[in-house]
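run.txt follows (compact mmCIF, C-alpha atoms):
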# COMPACT_ATOMS: atom_id res chain seq x y z
CA MET A 1 -91.79 -72.61 -68.90
CA THR A 2 -90.13 -69.72 -70.65
CA GLY A 3 -91.75 -66.36 -71.31
CA PRO A 4 -91.51 -64.32 -74.50
CA ASN A 5 -89.09 -61.85 -72.90
CA ASP A 6 -86.86 -64.35 -71.12
CA GLU A 7 -84.04 -64.26 -73.65
CA ASP A 8 -83.86 -60.47 -73.57
CA LEU A 9 -84.18 -60.48 -69.78
CA ALA A 10 -81.24 -62.88 -69.48
CA LEU A 11 -79.14 -60.77 -71.84
CA SER A 12 -80.09 -57.61 -69.97
CA ARG A 13 -79.11 -59.18 -66.65
CA ARG A 14 -75.77 -60.21 -68.08
CA SER A 15 -75.34 -56.64 -69.38
CA ALA A 16 -76.09 -55.29 -65.91
CA GLY A 17 -73.24 -57.45 -64.67
CA GLY A 18 -70.89 -55.75 -67.14
CA ASP A 19 -71.07 -58.27 -70.01
CA SER A 20 -70.76 -56.01 -73.06
CA ALA A 21 -70.97 -58.97 -75.47
CA ALA A 22 -74.45 -59.77 -74.14
CA PHE A 23 -75.43 -56.15 -74.61
CA ALA A 24 -74.08 -56.20 -78.18
CA MET A 25 -76.50 -59.08 -78.87
CA LEU A 26 -79.37 -56.92 -77.61
CA VAL A 27 -78.22 -54.03 -79.81
CA GLU A 28 -78.00 -56.34 -82.83
CA LYS A 29 -81.49 -57.62 -82.20
CA HIS A 30 -83.25 -54.32 -81.54
CA GLU A 31 -81.43 -51.64 -83.52
CA ARG A 32 -83.39 -52.27 -86.71
CA PRO A 33 -86.94 -51.67 -85.40
CA LEU A 34 -85.82 -48.84 -83.10
CA ARG A 35 -83.95 -46.92 -85.78
CA SER A 36 -86.72 -47.56 -88.25
CA PHE A 37 -89.33 -46.16 -85.84
CA LEU A 38 -87.16 -43.14 -85.01
CA ALA A 39 -86.39 -42.41 -88.66
CA ARG A 40 -90.12 -42.43 -89.45
CA SER A 41 -91.25 -40.44 -86.42
CA VAL A 42 -88.50 -37.89 -85.71
CA GLY A 43 -86.63 -37.83 -89.00
CA ALA A 44 -83.56 -39.61 -90.29
CA GLN A 45 -81.18 -36.79 -89.32
CA HIS A 46 -81.73 -37.40 -85.58
CA ALA A 47 -82.68 -41.09 -85.59
CA ASP A 48 -79.19 -42.58 -85.21
CA ASP A 49 -78.05 -40.12 -82.54
CA ILE A 50 -81.17 -40.77 -80.48
CA ALA A 51 -80.88 -44.54 -80.98
CA GLN A 52 -77.24 -44.49 -79.88
CA GLU A 53 -78.04 -42.43 -76.79
CA ALA A 54 -80.98 -44.74 -76.01
CA PHE A 55 -78.77 -47.83 -76.16
CA LEU A 56 -76.22 -46.16 -73.91
CA ARG A 57 -78.92 -45.36 -71.35
CA ALA A 58 -80.28 -48.90 -71.70
CA TRP A 59 -76.78 -50.21 -70.90
CA ARG A 60 -76.55 -48.01 -67.79
CA ALA A 61 -80.04 -49.01 -66.66
CA ALA A 62 -79.79 -52.69 -67.71
CA GLY A 63 -80.52 -53.85 -64.16
CA GLN A 64 -83.87 -52.07 -64.21
CA TYR A 65 -85.35 -54.12 -67.05
CA ASP A 66 -87.61 -56.66 -65.33
CA GLY A 67 -88.99 -58.55 -68.33
CA ARG A 68 -92.62 -57.55 -67.73
CA ALA A 69 -92.79 -55.49 -70.93
CA ARG A 70 -91.11 -56.41 -74.20
CA TYR A 71 -87.51 -55.24 -74.35
CA SER A 72 -88.34 -53.28 -77.52
CA THR A 73 -91.11 -51.43 -75.65
CA TRP A 74 -88.77 -50.62 -72.76
CA LEU A 75 -86.04 -49.49 -75.15
CA THR A 76 -88.41 -47.36 -77.23
CA ARG A 77 -89.59 -45.62 -74.04
CA ILE A 78 -85.97 -44.74 -73.27
CA ALA A 79 -85.47 -43.51 -76.84
CA TRP A 80 -88.61 -41.38 -76.60
CA ARG A 81 -87.25 -39.73 -73.45
CA CYS A 82 -83.98 -39.10 -75.30
CA ARG A 83 -85.97 -37.44 -78.05
CA ILE A 84 -87.71 -35.22 -75.47
CA ASP A 85 -84.30 -34.26 -74.05
CA LEU A 86 -83.09 -33.48 -77.56
CA LEU A 87 -86.13 -31.30 -78.16
CA ARG A 88 -85.32 -29.36 -75.00
CA LYS A 89 -81.81 -28.68 -76.28
CA GLU A 90 -82.74 -27.80 -79.82
CA ARG A 91 -85.94 -27.66 -81.74
CA PRO A 92 -85.44 -30.13 -84.58
CA ALA A 93 -86.77 -29.05 -87.92
CA GLU A 94 -90.01 -30.69 -88.88
CA PRO A 95 -89.65 -32.95 -91.90
CA PRO A 96 -90.18 -30.78 -94.95
CA GLU A 97 -93.63 -30.81 -96.39
CA GLN A 98 -93.65 -32.19 -99.86
CA ALA A 99 -96.15 -31.41 -102.50
CA VAL A 100 -98.36 -34.28 -103.48
CA GLU A 101 -98.68 -34.20 -107.19
CA GLY A 102 -101.61 -35.81 -108.85
CA GLY A 103 -100.86 -38.71 -111.12
CA ASN A 104 -97.82 -39.95 -109.14
CA SER A 105 -97.85 -42.71 -106.65
CA ILE A 106 -97.41 -41.09 -103.23
CA GLU A 107 -94.47 -42.14 -101.03
CA VAL A 108 -94.99 -42.90 -97.38
CA GLU A 109 -92.43 -40.21 -96.45
CA ASP A 110 -94.64 -37.59 -98.08
CA MET A 111 -97.61 -38.76 -96.07
CA LEU A 112 -95.73 -38.82 -92.78
CA ALA A 113 -94.32 -35.35 -93.41
CA ARG A 114 -97.86 -34.01 -93.37
CA LEU A 115 -98.74 -35.50 -89.99
CA SER A 116 -97.96 -34.11 -86.56
CA GLU A 117 -95.20 -35.84 -84.61
CA SER A 118 -97.58 -37.67 -82.28
CA GLU A 119 -99.70 -38.79 -85.25
CA ARG A 120 -96.58 -40.09 -86.99
CA ALA A 121 -95.33 -41.92 -83.92
CA ALA A 122 -98.74 -43.43 -83.11
CA LEU A 123 -99.32 -44.55 -86.69
CA VAL A 124 -95.85 -46.06 -87.13
CA LEU A 125 -96.03 -47.96 -83.83
CA CYS A 126 -99.58 -49.26 -84.15
CA GLU A 127 -99.78 -49.89 -87.89
CA GLY A 128 -96.17 -50.72 -88.72
CA HIS A 129 -94.61 -52.17 -85.59
CA GLY A 130 -97.56 -54.06 -84.18
CA TRP A 131 -97.74 -52.22 -80.86
CA THR A 132 -101.02 -52.32 -78.98
CA HIS A 133 -102.88 -49.04 -78.54
CA GLY A 134 -102.20 -49.32 -74.80
CA GLU A 135 -98.43 -49.58 -75.30
CA ALA A 136 -98.37 -46.65 -77.70
CA ALA A 137 -100.59 -44.55 -75.41
CA GLU A 138 -98.20 -45.14 -72.53
CA LEU A 139 -95.17 -44.24 -74.62
CA LEU A 140 -96.70 -41.03 -75.95
CA SER A 141 -98.25 -40.13 -72.57
CA LEU A 142 -101.72 -39.96 -74.10
CA PRO A 143 -105.02 -41.29 -72.76
CA LEU A 144 -106.02 -44.48 -74.56
CA GLY A 145 -109.05 -42.84 -76.22
CA THR A 146 -106.94 -39.94 -77.48
CA LEU A 147 -104.35 -42.33 -78.86
CA LYS A 148 -107.01 -44.34 -80.70
CA SER A 149 -108.45 -41.21 -82.25
CA THR A 150 -104.93 -39.98 -83.12
CA VAL A 151 -104.24 -43.22 -85.00
CA ALA A 152 -107.61 -43.09 -86.73
CA ARG A 153 -107.07 -39.44 -87.74
CA ALA A 154 -103.56 -40.11 -89.02
CA LYS A 155 -104.76 -43.12 -90.96
CA SER A 156 -107.63 -41.19 -92.47
CA LYS A 157 -105.29 -38.36 -93.56
CA CYS A 158 -102.94 -40.91 -95.13
CA ARG A 159 -105.80 -42.69 -96.87
CA GLU A 160 -106.95 -39.40 -98.35
CA MET A 161 -103.43 -38.55 -99.58
CA TRP A 162 -102.99 -42.07 -100.89
CA SER A 163 -106.20 -42.02 -102.89
CA ARG A 164 -105.37 -38.54 -104.26
CA GLY A 165 -101.86 -39.67 -105.14
CA ASP A 166 -103.18 -42.74 -106.90
CA GLU A 167 -105.63 -40.84 -109.04
CA MET B 1 -107.28 -56.16 -95.59
CA SER B 2 -107.59 -53.33 -98.12
CA ASP B 3 -104.80 -52.31 -100.49
CA PHE B 4 -104.27 -49.18 -98.43
CA ASP B 5 -103.94 -51.10 -95.14
CA GLN B 6 -101.45 -53.44 -96.74
CA PHE B 7 -99.50 -50.51 -98.19
CA LEU B 8 -99.41 -48.83 -94.79
CA ARG B 9 -98.32 -51.96 -92.96
CA GLU B 10 -95.54 -52.72 -95.43
CA SER B 11 -94.34 -49.12 -95.60
CA LEU B 12 -94.34 -48.40 -91.89
CA GLY B 13 -92.92 -51.68 -90.63
CA PRO B 14 -89.22 -52.08 -89.79
CA GLU B 15 -87.13 -52.45 -92.93
CA GLN B 16 -86.00 -55.98 -93.70
CA ARG B 17 -82.22 -56.09 -93.48
CA ASP B 18 -79.38 -57.71 -91.57
CA PRO B 19 -78.18 -56.09 -88.35
CA ASP B 20 -76.06 -52.99 -88.98
CA ARG B 21 -72.64 -54.13 -87.70
CA ARG B 22 -71.18 -50.63 -87.91
CA PHE B 23 -73.91 -49.23 -85.72
CA VAL B 24 -73.50 -52.10 -83.24
CA ALA B 25 -69.72 -51.48 -83.14
CA ARG B 26 -70.30 -47.76 -82.56
CA VAL B 27 -72.63 -48.46 -79.64
CA GLN B 28 -70.17 -51.00 -78.22
CA ALA B 29 -67.33 -48.46 -78.39
CA GLN B 30 -69.50 -45.92 -76.58
CA VAL B 31 -70.45 -48.50 -73.95
CA ARG B 32 -66.79 -49.39 -73.35
CA LEU B 33 -65.90 -45.71 -72.99
CA ASP B 34 -68.80 -45.22 -70.59
CA ALA B 35 -67.67 -48.20 -68.50
CA GLN B 36 -64.12 -46.81 -68.34
CA LEU B 37 -65.37 -43.37 -67.31
CA SER B 38 -67.61 -44.87 -64.61
CA ALA B 39 -64.69 -46.91 -63.24
CA ARG B 40 -62.52 -43.79 -63.18
CA LYS B 41 -65.24 -41.78 -61.41
CA ARG B 42 -65.62 -44.53 -58.80
CA ALA B 43 -61.84 -44.57 -58.25
CA ILE B 44 -61.76 -40.78 -57.80
CA GLY B 45 -64.64 -41.00 -55.32
CA ARG B 46 -62.86 -43.70 -53.33
CA ARG B 47 -59.64 -41.68 -53.24
CA LEU B 48 -61.47 -38.54 -52.16
CA LEU B 49 -63.15 -40.43 -49.33
CA ARG B 50 -59.83 -41.92 -48.23
CA ASP B 51 -58.19 -38.48 -48.27
CA LEU B 52 -61.02 -36.95 -46.27
CA VAL B 53 -60.76 -39.69 -43.65
CA GLY B 54 -56.98 -39.13 -43.53
CA ILE B 55 -57.36 -35.37 -43.06
CA ALA B 56 -59.95 -35.89 -40.33
CA ALA B 57 -57.65 -38.35 -38.53
CA ILE B 58 -54.69 -35.96 -38.70
CA ALA B 59 -56.82 -33.03 -37.50
CA ALA B 60 -58.08 -35.13 -34.58
CA GLY B 61 -54.48 -36.04 -33.74
CA PHE B 62 -53.49 -32.36 -33.69
CA VAL B 63 -56.41 -31.50 -31.41
CA VAL B 64 -55.45 -34.26 -28.95
CA LEU B 65 -51.80 -33.13 -29.03
CA ALA B 66 -52.70 -29.49 -28.53
CA GLU B 67 -54.69 -30.34 -25.44
CA SER B 68 -51.88 -32.27 -23.74
CA PRO B 69 -50.10 -30.41 -20.87
CA ALA B 70 -46.62 -31.18 -22.31
CA VAL B 71 -47.42 -29.41 -25.59
CA THR B 72 -48.96 -26.45 -23.72
CA GLU B 73 -45.77 -26.16 -21.66
CA LEU B 74 -43.58 -26.40 -24.80
CA ALA B 75 -45.65 -23.65 -26.46
CA THR B 76 -45.07 -21.42 -23.45
CA HIS B 77 -41.34 -21.98 -23.02
CA SER B 78 -40.05 -22.78 -26.53
CA PRO B 79 -42.62 -21.74 -29.16
CA GLU B 80 -39.97 -21.91 -31.93
CA ILE B 81 -39.63 -25.68 -31.44
CA LEU B 82 -43.39 -26.07 -31.63
CA VAL B 83 -43.58 -23.95 -34.81
CA ALA B 84 -40.75 -25.97 -36.38
CA GLY B 85 -42.54 -29.19 -35.42
CA LEU B 86 -45.80 -27.92 -36.93
CA LEU B 87 -44.04 -26.93 -40.17
CA VAL B 88 -42.39 -30.37 -40.47
CA SER B 89 -45.76 -32.07 -39.80
CA PHE B 90 -47.49 -29.86 -42.37
CA GLY B 91 -44.82 -30.63 -44.98
CA PHE B 92 -45.18 -34.33 -44.26
CA VAL B 93 -48.97 -34.17 -44.68
CA VAL B 94 -48.69 -32.19 -47.95
CA ALA B 95 -46.13 -34.69 -49.32
CA LEU B 96 -48.33 -37.63 -48.26
CA PHE B 97 -51.50 -36.33 -49.92
CA SER B 98 -49.81 -35.10 -53.08
CA ASN B 99 -48.34 -38.59 -53.62
CA SER B 100 -51.56 -40.44 -52.84
CA GLY B 101 -53.13 -39.38 -56.17
CA ARG B 102 -50.28 -40.66 -58.33
CA PRO B 103 -50.28 -44.23 -59.58
CA GLY B 104 -47.57 -46.34 -58.07
CA PRO B 105 -44.84 -48.02 -60.16
CA PHE B 106 -46.92 -51.21 -60.46
CA ALA B 107 -50.26 -49.53 -61.08
CA ALA B 108 -52.32 -50.98 -63.92
CA ASP B 109 -53.22 -48.72 -66.83

Please go through the file and, once you have read it, give me the structure as structure tokens.
Amino acid sequence: MTGPNDEDLALSRRSAGGDSAAFAMLVEKHERPLRSFLARSVGAQHADDIAQEAFLRAWRAAGQYDGRARYSTWLTRIAWRCRIDLLRKERPAEPPEQAVEGGNSIEVEDMLARLSESERAALVLCEGHGWTHGEAAELLSLPLGTLKSTVARAKSKCREMWSRGDE
Amino acid sequence: MSDFDQFLRESLGPEQRDPDRRFVARVQAQVRLDAQLSARKRAIGRRLLRDLVGIAAIAAGFVVLAESPAVTELATHSPEILVAGLLVSFGFVVALFSNSGRPGPFAAD
């Protein structure tokens, strides 16, 4: 019987053995959701650099992936640590706040720009990427209850902006 | 599911597109470079270890020689021969270690 992570586990094991073609398959499969999450949560200007660094670290640590979590979860954890390292080096500018003008349909970027970074990350993971609250709580180092309330707060803020923007 | 929930899900989900080949190629190039650097670091480590073992062996040899009665006698009666011998040995050791770092004529790139 094969598990849901078996294919990624096999590719990761081959990568650990030095098979860069196997690793390229993992990059092809996971770059889209990872870069999408990073672009939404930390901003497009840093997303690709962080994603690239995360894949490099994933390559170096390929032998440590044991298939218990989804590969995307494991990879996103690495990327989140890269983002923390980047924050230590330089404080990235928060996405610029954009005025929400009545009468126009509000863009999701405008909404996200008005949330805190943890609210953005929690909302994108749980609402957009189908992560469980437990997975997101672990990634963001938040207690489960705090994560749930963070998602609810972020969603409520977005709903408010959305209804104002739609008026 | 309300309109808002649907909007949120569609807006926040990963964009629908084919894999970005340029990004994949960039990561692959970085991975190859990283593998080369790691191999080079390992080679330097191995060479350093080999050199350290060599130096320790030569030092041990000198200690054993210095403690032998024949060498003690030579140092007493003809120190110039001993000094000349030490200089030749030192030159030999320097030549040996300075060559050990260079790739040989058949070394791979």

| task | Using CA of Ala39 in chain A and CA of Val27 in chain B as the two end points, give the distance in Å to one decimal. | result | 17.5 Å

Would you give me, as a tab-separated table, each residue of chain B having an atom within 6 Å of an atom of chain A, along with its shortest atom pair and that distance in Å to one decimal, using all atoms listed in the file and sorting by chain and residue number?
residue	atom	partner	partner_atom	distance
B:Arg9	CA	A:Gly128	CA	4.9
B:Leu12	CA	A:Gly128	CA	4.3
B:Gly13	CA	A:Gly128	CA	3.9
B:Pro14	CA	A:Pro33	CA	5.0
B:Pro19	CA	A:Glu28	CA	5.5

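CA of Asp49 in chain A is found 26.3 Å from CA of Ala154 in chain A.
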
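Those residues positioned at most 12 Å from (-102.4, -43.9, -74.6) are A:Ser118, A:Ala121, A:Ala122, A:Leu125, A:Cys126, A:Trp131, A:Thr132, A:His133, A:Gly134, A:Glu135, A:Ala136, A:Ala137, A:Glu138, A:Leu139, A:Leu140, A:Ser141, A:Leu142, A:Pro143, A:Leu144, A:Gly145, A:Thr146, A:Leu147, A:Lys148, A:Ser149, A:Thr150, A:Val151, judged using all atoms listed in the file.
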
| remark: Counting all atoms listed in the file, closest pick from A:Ala44, A:Ala152, A:Ala22, A:Ile50 relative to Arg83 in chain A is A:Ile50

| Can you list, as a VMD selection string, every protein, DNA or RNA residue that comes within 12 Å of range 96-98 of chain B when you count all atoms listed in the file, leaving out same-chain residues fewer than 5 positions away? | chain B and resid 47 to 48 50 to 55 58 89 to 91 103

Based on the selection just made, write C-alpha atoms of those residues as a short mmCIF file (atom, residue, chain, number, x, y, z; two decimals), in the frame of the given file.
data_model
loop_
_atom_site.label_atom_id
_atom_site.label_comp_id
_atom_site.auth_asym_id
_atom_site.auth_seq_id
_atom_site.Cartn_x
_atom_site.Cartn_y
_atom_site.Cartn_z
CA ARG B 47 -59.64 -41.68 -53.24
CA LEU B 48 -61.47 -38.54 -52.16
CA ARG B 50 -59.83 -41.92 -48.23
CA ASP B 51 -58.19 -38.48 -48.27
CA LEU B 52 -61.02 -36.95 -46.27
CA VAL B 53 -60.76 -39.69 -43.65
CA GLY B 54 -56.98 -39.13 -43.53
CA ILE B 55 -57.36 -35.37 -43.06
CA ILE B 58 -54.69 -35.96 -38.70
CA SER B 89 -45.76 -32.07 -39.80
CA PHE B 90 -47.49 -29.86 -42.37
CA GLY B 91 -44.82 -30.63 -44.98
CA PRO B 103 -50.28 -44.23 -59.58
#

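Interatomic distance, CA of Val64 in chain B to CA of Leu87 in chain B: 17.6 Å.
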
N, CA and C atoms modelled onto range 21-34 of chain B, as an mmCIF file, in the coordinates of the input:
data_model
loop_
_atom_site.group_PDB
_atom_site.id
_atom_site.type_symbol
_atom_site.label_atom_id
_atom_site.label_comp_id
_atom_site.auth_asym_id
_atom_site.auth_seq_id
_atom_site.Cartn_x
_atom_site.Cartn_y
_atom_site.Cartn_z
ATOM 1 N N ARG B 21 -73.823 -53.850 -88.542
ATOM 2 C CA ARG B 21 -72.640 -54.130 -87.700
ATOM 3 C C ARG B 21 -71.898 -52.851 -87.317
ATOM 4 N N ARG B 22 -71.901 -51.880 -88.216
ATOM 5 C CA ARG B 22 -71.180 -50.630 -87.910
ATOM 6 C C ARG B 22 -71.861 -49.892 -86.769
ATOM 7 N N PHE B 23 -73.172 -49.897 -86.799
ATOM 8 C CA PHE B 23 -73.910 -49.230 -85.720
ATOM 9 C C PHE B 23 -73.667 -49.956 -84.394
ATOM 10 N N VAL B 24 -73.724 -51.299 -84.455
ATOM 11 C CA VAL B 24 -73.500 -52.100 -83.240
ATOM 12 C C VAL B 24 -72.100 -51.808 -82.677
ATOM 13 N N ALA B 25 -71.106 -51.744 -83.581
ATOM 14 C CA ALA B 25 -69.720 -51.480 -83.140
ATOM 15 C C ALA B 25 -69.610 -50.089 -82.514
ATOM 16 N N ARG B 26 -70.340 -49.126 -83.098
ATOM 17 C CA ARG B 26 -70.300 -47.760 -82.560
ATOM 18 C C ARG B 26 -70.891 -47.716 -81.145
ATOM 19 N N VAL B 27 -72.009 -48.420 -80.967
ATOM 20 C CA VAL B 27 -72.630 -48.460 -79.640
ATOM 21 C C VAL B 27 -71.701 -49.160 -78.649
ATOM 22 N N GLN B 28 -71.079 -50.258 -79.108
ATOM 23 C CA GLN B 28 -70.170 -51.000 -78.220
ATOM 24 C C GLN B 28 -68.993 -50.131 -77.778
ATOM 25 N N ALA B 29 -68.459 -49.343 -78.725
ATOM 26 C CA ALA B 29 -67.330 -48.460 -78.390
ATOM 27 C C ALA B 29 -67.769 -47.439 -77.352
ATOM 28 N N GLN B 30 -68.979 -46.919 -77.523
ATOM 29 C CA GLN B 30 -69.500 -45.920 -76.580
ATOM 30 C C GLN B 30 -69.719 -46.546 -75.194
ATOM 31 N N VAL B 31 -70.209 -47.790 -75.215
ATOM 32 C CA VAL B 31 -70.450 -48.500 -73.950
ATOM 33 C C VAL B 31 -69.135 -48.750 -73.214
ATOM 34 N N ARG B 32 -68.104 -49.148 -73.976
ATOM 35 C CA ARG B 32 -66.790 -49.390 -73.350
ATOM 36 C C ARG B 32 -66.246 -48.109 -72.730
ATOM 37 N N LEU B 33 -66.378 -47.008 -73.480
ATOM 38 C CA LEU B 33 -65.900 -45.710 -72.990
ATOM 39 C C LEU B 33 -66.658 -45.319 -71.724
ATOM 40 N N ASP B 34 -67.964 -45.555 -71.753
ATOM 41 C CA ASP B 34 -68.800 -45.220 -70.590
ATOM 42 C C ASP B 34 -68.385 -46.042 -69.375
#
